[in-house]
Amino acid sequence: MSVLTSLIKPFPVVHGKYLYIFTPAEEGGFSVSCENIDGVNAQGDTFEEALECAISMTAFVEEVRADLEKEQKA
């Protein structure tokens, strides 16, 4: 484990209405999960890459949910 990852603990980031939890990875980069939506997990070599991936996954899940709700109402 690098000195940096041993010093940085998981930390929250709010983006819009979503709460993401970032955890430094031992091998470098970050893993991230969305507290609002089960199953949204991502990773990236940089903070920005991990956030972008998590945001994309969140948008995809929300789109699928909206489509399912439309189908159920039809």
# chains A, B, ... in the order shown; residues from 1 in each chain; ligands from 1
call {"tool": "closest_atom_pairs", "arguments": {"of": "range 15-35 of chain A", "to": "range 42-49 of chain A", "cutoff": "7 Å", "atoms": "only C-alpha atoms", "output": "Markdown table"}}
result
| residue | atom | partner | partner_atom | distance |
| --- | --- | --- | --- | --- |
| A:Gly28 | CA | A:Asp45 | CA | 6.5 |
| A:Gly29 | CA | A:Asp45 | CA | 4.0 |
| A:Phe30 | CA | A:Gln43 | CA | 5.5 |
| A:Ser31 | CA | A:Gln43 | CA | 4.2 |
| A:Val32 | CA | A:Ala42 | CA | 5.2 |
| A:Ser33 | CA | A:Ala42 | CA | 6.4 |
call {"tool": "select_by_dssp", "arguments": {"residues": "chain A", "states": "strand (DSSP E)", "output": "mmCIF file with N, CA, C and O atoms, in the first residue's frame"}}
result
data_model
loop_
_atom_site.group_PDB
_atom_site.id
_atom_site.type_symbol
_atom_site.label_atom_id
_atom_site.label_comp_id
_atom_site.auth_asym_id
_atom_site.auth_seq_id
_atom_site.Cartn_x
_atom_site.Cartn_y
_atom_site.Cartn_z
ATOM 1 N N PHE A 11 -13.916 9.034 0.951
ATOM 2 C CA PHE A 11 -14.476 10.374 1.127
ATOM 3 C C PHE A 11 -15.696 10.563 0.235
ATOM 4 O O PHE A 11 -15.774 9.998 -0.853
ATOM 5 N N PRO A 12 -16.668 11.360 0.716
ATOM 6 C CA PRO A 12 -17.892 11.589 -0.053
ATOM 7 C C PRO A 12 -17.744 12.754 -1.030
ATOM 8 O O PRO A 12 -17.001 13.704 -0.774
ATOM 9 N N VAL A 13 -18.471 12.656 -2.138
ATOM 10 C CA VAL A 13 -18.560 13.740 -3.113
ATOM 11 C C VAL A 13 -20.020 13.824 -3.546
ATOM 12 O O VAL A 13 -20.605 12.818 -3.952
ATOM 13 N N VAL A 14 -20.604 14.996 -3.427
ATOM 14 C CA VAL A 14 -21.978 15.202 -3.883
ATOM 15 C C VAL A 14 -21.922 15.785 -5.283
ATOM 16 O O VAL A 14 -21.220 16.765 -5.541
ATOM 17 N N HIS A 15 -22.650 15.148 -6.195
ATOM 18 C CA HIS A 15 -22.758 15.651 -7.567
ATOM 19 C C HIS A 15 -24.235 15.650 -7.919
ATOM 20 O O HIS A 15 -24.836 14.596 -8.062
ATOM 21 N N TYR A 18 -26.850 13.187 -6.217
ATOM 22 C CA TYR A 18 -26.226 11.903 -5.911
ATOM 23 C C TYR A 18 -25.031 12.052 -4.981
ATOM 24 O O TYR A 18 -24.266 13.008 -5.067
ATOM 25 N N LEU A 19 -24.889 11.074 -4.102
ATOM 26 C CA LEU A 19 -23.759 11.014 -3.185
ATOM 27 C C LEU A 19 -22.870 9.855 -3.613
ATOM 28 O O LEU A 19 -23.312 8.691 -3.644
ATOM 29 N N TYR A 20 -21.637 10.177 -3.961
ATOM 30 C CA TYR A 20 -20.656 9.173 -4.362
ATOM 31 C C TYR A 20 -19.608 9.035 -3.263
ATOM 32 O O TYR A 20 -19.190 10.023 -2.668
ATOM 33 N N ILE A 21 -19.196 7.804 -3.004
ATOM 34 C CA ILE A 21 -18.143 7.538 -2.035
ATOM 35 C C ILE A 21 -16.915 7.048 -2.803
ATOM 36 O O ILE A 21 -16.966 6.019 -3.481
ATOM 37 N N PHE A 22 -15.843 7.797 -2.687
ATOM 38 C CA PHE A 22 -14.579 7.477 -3.355
ATOM 39 C C PHE A 22 -13.644 6.803 -2.364
ATOM 40 O O PHE A 22 -13.499 7.252 -1.233
ATOM 41 N N THR A 23 -13.008 5.736 -2.840
ATOM 42 C CA THR A 23 -12.031 5.017 -2.032
ATOM 43 C C THR A 23 -10.752 4.878 -2.852
ATOM 44 O O THR A 23 -10.800 4.346 -3.973
ATOM 45 N N PRO A 24 -9.635 5.350 -2.322
ATOM 46 C CA PRO A 24 -8.376 5.171 -3.056
ATOM 47 C C PRO A 24 -8.059 3.685 -3.188
ATOM 48 O O PRO A 24 -8.241 2.915 -2.243
ATOM 49 N N PHE A 30 -9.005 5.248 -8.125
ATOM 50 C CA PHE A 30 -10.096 5.269 -7.159
ATOM 51 C C PHE A 30 -11.194 4.304 -7.568
ATOM 52 O O PHE A 30 -11.444 4.100 -8.751
ATOM 53 N N SER A 31 -11.852 3.736 -6.563
ATOM 54 C CA SER A 31 -13.112 3.057 -6.803
ATOM 55 C C SER A 31 -14.184 3.981 -6.237
ATOM 56 O O SER A 31 -13.928 4.754 -5.318
ATOM 57 N N VAL A 32 -15.377 3.910 -6.807
ATOM 58 C CA VAL A 32 -16.442 4.817 -6.392
ATOM 59 C C VAL A 32 -17.769 4.081 -6.445
ATOM 60 O O VAL A 32 -17.995 3.252 -7.323
ATOM 61 N N SER A 33 -18.623 4.375 -5.486
ATOM 62 C CA SER A 33 -19.969 3.819 -5.488
ATOM 63 C C SER A 33 -20.955 4.952 -5.258
ATOM 64 O O SER A 33 -20.612 5.977 -4.663
ATOM 65 N N CYS A 34 -22.171 4.766 -5.748
ATOM 66 C CA CYS A 34 -23.223 5.753 -5.576
ATOM 67 C C CYS A 34 -24.111 5.291 -4.428
ATOM 68 O O CYS A 34 -24.685 4.208 -4.486
ATOM 69 N N ASN A 41 -21.240 1.094 -9.295
ATOM 70 C CA ASN A 41 -19.851 1.060 -8.842
ATOM 71 C C ASN A 41 -18.968 1.293 -10.054
ATOM 72 O O ASN A 41 -19.258 0.791 -11.139
ATOM 73 N N ALA A 42 -17.911 2.048 -9.856
ATOM 74 C CA ALA A 42 -17.013 2.359 -10.966
ATOM 75 C C ALA A 42 -15.603 2.496 -10.422
ATOM 76 O O ALA A 42 -15.374 2.484 -9.214
ATOM 77 N N GLN A 43 -14.680 2.651 -11.337
ATOM 78 C CA GLN A 43 -13.302 2.909 -10.948
ATOM 79 C C GLN A 43 -12.618 3.694 -12.042
ATOM 80 O O GLN A 43 -13.087 3.749 -13.174
ATOM 81 N N GLY A 44 -11.526 4.321 -11.683
ATOM 82 C CA GLY A 44 -10.764 5.083 -12.654
ATOM 83 C C GLY A 44 -9.349 5.307 -12.170
ATOM 84 O O GLY A 44 -9.073 5.229 -10.966
#
call {"tool": "atom_distance", "arguments": {"atom1": "CA of Val61 in chain A", "atom2": "CA of Ala74 in chain A"}}
result
20.1 Å
call {"tool": "closest_residue", "arguments": {"among": "A:Glu71, A:Ala50, A:Gly39, A:Thr58", "to": "Gly16 in chain A", "atoms": "only C-alpha atoms"}}
result
A:Thr58
call {"tool": "atom_distance", "arguments": {"atom1": "CA of Ala54 in chain A", "atom2": "CA of Val40 in chain A"}}
result
6.9 Å
call {"tool": "select_by_dssp", "arguments": {"residues": "chain A", "states": "helix (DSSP H, G or I)", "output": "MDAnalysis selection string"}}
result
chainID A and resid 3:7 47:73
call {"tool": "atom_distance", "arguments": {"atom1": "CA of Ala59 in chain A", "atom2": "CA of Ala25 in chain A"}}
result
23.9 Å
